[in-house]
>>> print(open('start.pdb').read())   # PDB, C-alpha atoms
ATOM      1  CA  MET Q 177       0.000   0.000   0.000  1.00  0.00           C
ATOM      2  CA  SER Q 178       1.260   3.480  -0.869  1.00  0.00           C
ATOM      3  CA  GLU Q 179       2.148   5.864   1.926  1.00  0.00           C
ATOM      4  CA  ILE Q 180       0.079   9.039   2.136  1.00  0.00           C
ATOM      5  CA  GLN Q 181       2.164  12.194   2.392  1.00  0.00           C
ATOM      6  CA  GLU Q 182       0.732  15.062   4.437  1.00  0.00           C
ATOM      7  CA  THR Q 183       1.779  18.622   3.693  1.00  0.00           C
ATOM      8  CA  SER Q 184       0.623  21.662   5.642  1.00  0.00           C
ATOM      9  CA  LEU Q 185      -0.448  24.506   3.367  1.00  0.00           C
ATOM     10  CA  PRO Q 186      -0.303  27.640   5.570  1.00  0.00           C
ATOM     11  CA  GLY Q 187      -3.435  29.716   5.232  1.00  0.00           C
ATOM     12  CA  VAL Q 188      -5.046  27.070   2.993  1.00  0.00           C
ATOM     13  CA  GLY Q 189      -5.291  23.763   4.845  1.00  0.00           C
ATOM     14  CA  MET Q 190      -3.697  20.336   4.441  1.00  0.00           C
ATOM     15  CA  ARG Q 191      -2.625  18.377   1.366  1.00  0.00           C
ATOM     16  CA  HIS Q 192      -2.783  14.547   1.431  1.00  0.00           C
ATOM     17  CA  ASP Q 193      -1.341  12.728  -1.575  1.00  0.00           C
ATOM     18  CA  PHE Q 194       0.357   9.537  -2.720  1.00  0.00           C
ATOM     19  CA  THR Q 195       2.125   8.126  -5.778  1.00  0.00           C
ATOM     20  CA  VAL Q 196       0.318   5.452  -7.779  1.00  0.00           C
ATOM     21  CA  GLU Q 197       2.013   2.585  -9.613  1.00  0.00           C
ATOM     22  CA  ASP Q 198       2.476   4.520 -12.896  1.00  0.00           C
ATOM     23  CA  GLY Q 199       4.231   7.414 -11.085  1.00  0.00           C
ATOM     24  CA  SER Q 200       1.272   9.809 -11.099  1.00  0.00           C
ATOM     25  CA  ARG Q 201       0.282  11.533  -7.867  1.00  0.00           C
ATOM     26  CA  ILE Q 202      -3.287  11.642  -6.565  1.00  0.00           C
ATOM     27  CA  GLY Q 203      -4.367  13.713  -3.636  1.00  0.00           C
ATOM     28  CA  VAL Q 204      -6.851  15.862  -1.811  1.00  0.00           C
ATOM     29  CA  VAL Q 205      -6.473  19.368  -0.451  1.00  0.00           C
ATOM     30  CA  HIS Q 206      -8.584  19.809   2.681  1.00  0.00           C
ATOM     31  CA  HIS Q 207      -9.178  23.565   2.777  1.00  0.00           C
ATOM     32  CA  ARG Q 208      -9.635  25.309   6.122  1.00  0.00           C
ATOM     33  CA  THR Q 209     -13.090  26.322   4.919  1.00  0.00           C
ATOM     34  CA  GLY Q 210     -14.123  22.652   4.709  1.00  0.00           C
ATOM     35  CA  ARG Q 211     -13.920  22.505   0.921  1.00  0.00           C
ATOM     36  CA  LYS Q 212     -12.138  19.460  -0.542  1.00  0.00           C
ATOM     37  CA  GLU Q 213     -10.277  19.451  -3.836  1.00  0.00           C
ATOM     38  CA  LEU Q 214      -9.270  16.191  -5.537  1.00  0.00           C
ATOM     39  CA  PHE Q 215      -6.221  16.535  -7.803  1.00  0.00           C
ATOM     40  CA  LEU Q 216      -4.080  14.481 -10.171  1.00  0.00           C
ATOM     41  CA  CYS Q 217      -0.449  15.180 -11.117  1.00  0.00           C
ATOM     42  CA  SER Q 218       1.206  13.438 -14.052  1.00  0.00           C
ATOM     43  CA  SER Q 219       4.277  11.238 -13.652  1.00  0.00           C
ATOM     44  CA  GLU Q 220       6.269  13.676 -15.850  1.00  0.00           C
ATOM     45  CA  ASP Q 221       5.804  16.544 -13.383  1.00  0.00           C
ATOM     46  CA  PRO Q 222       4.556  15.401  -9.960  1.00  0.00           C
ATOM     47  CA  ASP Q 223       4.353  19.020  -8.731  1.00  0.00           C
ATOM     48  CA  SER Q 224       2.120  20.304 -11.523  1.00  0.00           C
ATOM     49  CA  VAL Q 225      -1.603  19.652 -11.206  1.00  0.00           C
ATOM     50  CA  ALA Q 226      -2.955  18.147 -14.425  1.00  0.00           C
ATOM     51  CA  MET Q 227      -6.560  18.054 -13.230  1.00  0.00           C
ATOM     52  CA  SER Q 228      -8.545  19.057 -10.140  1.00  0.00           C
ATOM     53  CA  VAL Q 229     -12.156  18.645  -9.055  1.00  0.00           C
ATOM     54  CA  ASN Q 230     -13.948  20.362  -6.170  1.00  0.00           C
ATOM     55  CA  LEU Q 231     -15.861  17.850  -4.049  1.00  0.00           C
ATOM     56  CA  THR Q 232     -18.883  18.530  -1.873  1.00  0.00           C
ATOM     57  CA  GLU Q 233     -19.229  16.640   1.407  1.00  0.00           C
ATOM     58  CA  ASP Q 234     -21.667  14.243  -0.296  1.00  0.00           C
ATOM     59  CA  ASP Q 235     -19.269  13.785  -3.227  1.00  0.00           C
ATOM     60  CA  SER Q 236     -16.460  12.913  -0.789  1.00  0.00           C
ATOM     61  CA  HIS Q 237     -18.577  10.279   0.964  1.00  0.00           C
ATOM     62  CA  THR Q 238     -19.733   8.810  -2.346  1.00  0.00           C
ATOM     63  CA  LEU Q 239     -16.176   8.574  -3.661  1.00  0.00           C
ATOM     64  CA  ALA Q 240     -14.966   6.933  -0.415  1.00  0.00           C
ATOM     65  CA  GLU Q 241     -17.799   4.414  -0.652  1.00  0.00           C
ATOM     66  CA  ALA Q 242     -17.075   3.721  -4.325  1.00  0.00           C
ATOM     67  CA  LEU Q 243     -13.444   3.030  -3.437  1.00  0.00           C
ATOM     68  CA  GLY Q 244     -14.440   0.539  -0.742  1.00  0.00           C
ATOM     69  CA  GLY Q 245     -14.259   2.546   2.485  1.00  0.00           C
ATOM     70  CA  SER Q 246     -11.872   4.918   4.146  1.00  0.00           C
ATOM     71  CA  ALA Q 247      -8.341   4.314   5.336  1.00  0.00           C
ATOM     72  CA  VAL Q 248      -9.373   5.582   8.776  1.00  0.00           C
ATOM     73  CA  VAL Q 249     -11.914   2.789   9.213  1.00  0.00           C
ATOM     74  CA  GLU Q 250      -9.389   0.215   7.985  1.00  0.00           C
ATOM     75  CA  SER Q 251      -6.721   1.606  10.333  1.00  0.00           C
ATOM     76  CA  LEU Q 252      -9.075   1.511  13.317  1.00  0.00           C
ATOM     77  CA  SER Q 253     -10.030  -2.044  12.455  1.00  0.00           C
ATOM     78  CA  ARG Q 254      -6.343  -3.063  12.336  1.00  0.00           C
ATOM     79  CA  LEU Q 255      -5.730  -1.247  15.645  1.00  0.00           C
ATOM     80  CA  GLN Q 256      -8.615  -3.082  17.292  1.00  0.00           C
ATOM     81  CA  GLN Q 257      -7.150  -6.379  16.131  1.00  0.00           C
ATOM     82  CA  GLN Q 258      -3.674  -5.431  17.397  1.00  0.00           C
ATOM     83  CA  VAL Q 259      -4.769  -4.272  20.860  1.00  0.00           C
ATOM     84  CA  GLU Q 260      -6.651  -7.120  22.475  1.00  0.00           C
ATOM     85  CA  GLY Q 261      -9.766  -6.000  24.291  1.00  0.00           C
ATOM     86  CA  LEU Q 262      -9.848  -2.509  22.733  1.00  0.00           C
ATOM     87  CA  ALA Q 263     -13.125  -1.356  21.246  1.00  0.00           C
ATOM     88  CA  ILE Q 264     -14.242   1.900  19.660  1.00  0.00           C
ATOM     89  CA  ASP Q 265     -17.816   2.953  19.143  1.00  0.00           C
ATOM     90  CA  TRP Q 266     -19.985   5.918  18.219  1.00  0.00           C
ATOM     91  CA  LEU Q 267     -22.786   6.505  20.743  1.00  0.00           C
ATOM     92  CA  ALA Q 268     -25.634   8.876  19.938  1.00  0.00           C
ATOM     93  CA  VAL Q 269     -26.958  11.111  22.712  1.00  0.00           C
ATOM     94  CA  ALA Q 270     -30.753  10.965  22.586  1.00  0.00           C
ATOM     95  CA  PRO Q 271     -32.664  14.194  23.273  1.00  0.00           C
ATOM     96  CA  GLU Q 272     -34.205  12.499  26.335  1.00  0.00           C
ATOM     97  CA  SER Q 273     -30.808  11.464  27.748  1.00  0.00           C
ATOM     98  CA  PRO Q 274     -30.280  12.714  31.311  1.00  0.00           C
ATOM     99  CA  TYR Q 275     -26.883  14.004  30.128  1.00  0.00           C
ATOM    100  CA  ALA Q 276     -28.136  16.014  27.130  1.00  0.00           C
ATOM    101  CA  GLY Q 277     -27.378  19.616  28.050  1.00  0.00           C
ATOM    102  CA  ARG Q 278     -24.828  18.609  30.713  1.00  0.00           C
ATOM    103  CA  THR Q 279     -21.053  18.200  30.660  1.00  0.00           C
ATOM    104  CA  ILE Q 280     -19.029  15.063  30.021  1.00  0.00           C
ATOM    105  CA  GLY Q 281     -17.732  15.428  33.591  1.00  0.00           C
ATOM    106  CA  ASP Q 282     -21.283  15.322  34.949  1.00  0.00           C
ATOM    107  CA  ALA Q 283     -21.681  11.801  33.515  1.00  0.00           C
ATOM    108  CA  ARG Q 284     -18.356  10.654  35.086  1.00  0.00           C
ATOM    109  CA  ILE Q 285     -17.949   8.245  32.158  1.00  0.00           C
ATOM    110  CA  ARG Q 286     -14.247   7.551  32.647  1.00  0.00           C
ATOM    111  CA  THR Q 287     -14.588   7.119  36.418  1.00  0.00           C
ATOM    112  CA  ARG Q 288     -17.632   4.857  36.205  1.00  0.00           C
ATOM    113  CA  THR Q 289     -16.623   2.704  33.200  1.00  0.00           C
ATOM    114  CA  GLY Q 290     -12.935   3.209  32.361  1.00  0.00           C
ATOM    115  CA  VAL Q 291     -14.029   4.343  28.875  1.00  0.00           C
ATOM    116  CA  SER Q 292     -12.582   7.505  27.319  1.00  0.00           C
ATOM    117  CA  VAL Q 293     -14.541   9.973  25.202  1.00  0.00           C
ATOM    118  CA  VAL Q 294     -12.014  10.750  22.451  1.00  0.00           C
ATOM    119  CA  ALA Q 295     -14.222  12.991  20.307  1.00  0.00           C
ATOM    120  CA  VAL Q 296     -17.689  14.433  19.972  1.00  0.00           C
ATOM    121  CA  ILE Q 297     -19.365  14.748  16.577  1.00  0.00           C
ATOM    122  CA  ARG Q 298     -21.942  17.520  16.290  1.00  0.00           C
ATOM    123  CA  ASP Q 299     -23.617  18.456  13.015  1.00  0.00           C
ATOM    124  CA  GLU Q 300     -20.732  16.897  11.029  1.00  0.00           C
ATOM    125  CA  GLN Q 301     -18.165  18.884  13.039  1.00  0.00           C
ATOM    126  CA  ALA Q 302     -15.670  16.957  15.156  1.00  0.00           C
ATOM    127  CA  PHE Q 303     -14.498  18.105  18.571  1.00  0.00           C
ATOM    128  CA  PRO Q 304     -11.410  15.973  19.320  1.00  0.00           C
ATOM    129  CA  ALA Q 305     -10.237  15.248  22.880  1.00  0.00           C
ATOM    130  CA  PRO Q 306     -13.089  17.014  24.700  1.00  0.00           C
ATOM    131  CA  GLY Q 307     -12.445  17.787  28.356  1.00  0.00           C
ATOM    132  CA  PRO Q 308     -14.803  17.136  31.278  1.00  0.00           C
ATOM    133  CA  GLU Q 309     -16.219  20.661  30.886  1.00  0.00           C
ATOM    134  CA  PHE Q 310     -17.431  19.931  27.316  1.00  0.00           C
ATOM    135  CA  LEU Q 311     -21.208  20.467  27.113  1.00  0.00           C
ATOM    136  CA  VAL Q 312     -23.000  17.510  25.489  1.00  0.00           C
ATOM    137  CA  GLU Q 313     -25.972  18.483  23.331  1.00  0.00           C
ATOM    138  CA  PRO Q 314     -28.909  16.349  22.213  1.00  0.00           C
ATOM    139  CA  SER Q 315     -28.071  14.454  18.996  1.00  0.00           C
ATOM    140  CA  ASP Q 316     -24.299  14.643  19.623  1.00  0.00           C
ATOM    141  CA  THR Q 317     -22.362  11.472  18.914  1.00  0.00           C
ATOM    142  CA  LEU Q 318     -19.678  10.472  21.406  1.00  0.00           C
ATOM    143  CA  VAL Q 319     -16.687   8.596  19.989  1.00  0.00           C
ATOM    144  CA  VAL Q 320     -15.562   6.333  22.829  1.00  0.00           C
ATOM    145  CA  VAL Q 321     -12.667   3.923  23.347  1.00  0.00           C
ATOM    146  CA  GLY Q 322     -12.478   1.208  25.973  1.00  0.00           C
ATOM    147  CA  THR Q 323     -13.542  -2.349  26.651  1.00  0.00           C
ATOM    148  CA  PRO Q 324     -16.699  -3.675  24.975  1.00  0.00           C
ATOM    149  CA  ASP Q 325     -18.337  -4.076  28.392  1.00  0.00           C
ATOM    150  CA  GLY Q 326     -17.370  -0.534  29.420  1.00  0.00           C
ATOM    151  CA  ILE Q 327     -18.776   0.880  26.190  1.00  0.00           C
ATOM    152  CA  LYS Q 328     -22.054  -0.973  26.778  1.00  0.00           C
ATOM    153  CA  ARG Q 329     -22.222   0.605  30.252  1.00  0.00           C
ATOM    154  CA  VAL Q 330     -21.637   4.068  28.739  1.00  0.00           C
ATOM    155  CA  GLY Q 331     -24.615   3.458  26.428  1.00  0.00           C
ATOM    156  CA  ASP Q 332     -26.699   2.538  29.475  1.00  0.00           C
ATOM    157  CA  ILE Q 333     -25.510   5.634  31.362  1.00  0.00           C
ATOM    158  CA  LEU Q 334     -26.434   7.875  28.421  1.00  0.00           C
ATOM    159  CA  MET Q 335     -29.917   6.345  28.338  1.00  0.00           C
ATOM    160  CA  THR Q 336     -30.787   6.064  32.012  1.00  0.00           C
ATOM    161  CA  GLY Q 337     -28.249   8.048  34.011  1.00  0.00           C
TER
END
>>> encode(input="start.pdb", output="structure tokens")
Amino acid sequence: MSEIQETSLPGVGMRHDFTVEDGSRIGVVHHRTGRKELFLCSSEDPDSVAMSVNLTEDDSHTLAEALGGSAVVESLSRLQQQVEGLAIDWLAVAPESPYAGRTIGDARIRTRTGVSVVAVIRDEQAFPAPGPEFLVEPSDTLVVVGTPDGIKRVGDILMTG
């Protein structure tokens, strides 16, 4: 598998690209505005963009699905297999949850279950490494890491308190 190169583009965003078998480069520029731009560079001049296409969020998801899934999902799957007992899950916070409108610290998730909240997804925006003061809103999705049993208990806590 080709290695993805990451290049910071100050004031623009981040460039992710890799070289394919014929020597061409394919990549995506993730603009700070959220816009994504798919590009192709020829093997003759890997620094000159031969073609680029702006992708909407839906276009990005469709392309990832057409290609058979994302590298992130595959990497997490490999990590789960490498670290025995590790699980990761995405838990939705129902509007009727006793912790909707309260902080992560109020739920004492880590203390009660040993599970860590590593991110919160809200309206397609990610909040990585939220602290105990992070306010959980209805319909947020908590990305949690821990044991399968601990994650099940977090789901129960989110539902019943």
>>> atom_distance(input="start.pdb", atom1="CA of Ile264 (chain Q)", atom2="CA of Pro304 (chain Q)")
14.4 Å
>>> resolve_selection(input="start.pdb", expression="the PyMOL selection byres ((chain Q and resi 180) around 7)", output="ChimeraX atom specification")
/Q:178-179,181-182,192-194
>>> atom_distance(input="start.pdb", atom1="CA of Thr336 (chain Q)", atom2="CA of Thr323 (chain Q)")
19.9 Å
>>> atom_distance(input="start.pdb", atom1="CA of Lys212 (chain Q)", atom2="CA of His237 (chain Q)")
11.3 Å
>>> resolve_selection(input="start.pdb", expression="the PyMOL selection byres ((chain Q and resi 275) around 10)", output="VMD selection string")
chain Q and resid 269 to 274 276 to 283 311 to 314 333 to 337
>>> residues_near_point(input="start.pdb", point="(0.1, 10.0, -12.7)", cutoff="12 Å", atoms="all atoms listed in the file", output="PyMOL selection string")
chain Q and resi 193-203+215-227
>>> closest_residue(input="start.pdb", among="Q:Asp234, Q:Leu239, Q:Arg288, Q:Leu185", to="Leu214 (chain Q)", atoms="all atoms listed in the file")
Q:Leu239
>>> resolve_selection(input="start.pdb", expression="the PyMOL selection byres ((chain Q and resi 266) around 10)", output="list in words")
Ile264, Asp265, Leu267, Ala268, Val269, Val293, Ala295, Val296, Ile297, Asp316, Thr317, Leu318, Val319, Val320, Val321, Ile327 and Gly331 of chain Q
>>> residues_around(input="start.pdb", residues="Val291 (chain Q)", least_positions_apart="5", cutoff="6 Å", atoms="only C-alpha atoms", output="MDAnalysis selection string")
chainID Q and resid 286 321:322 326
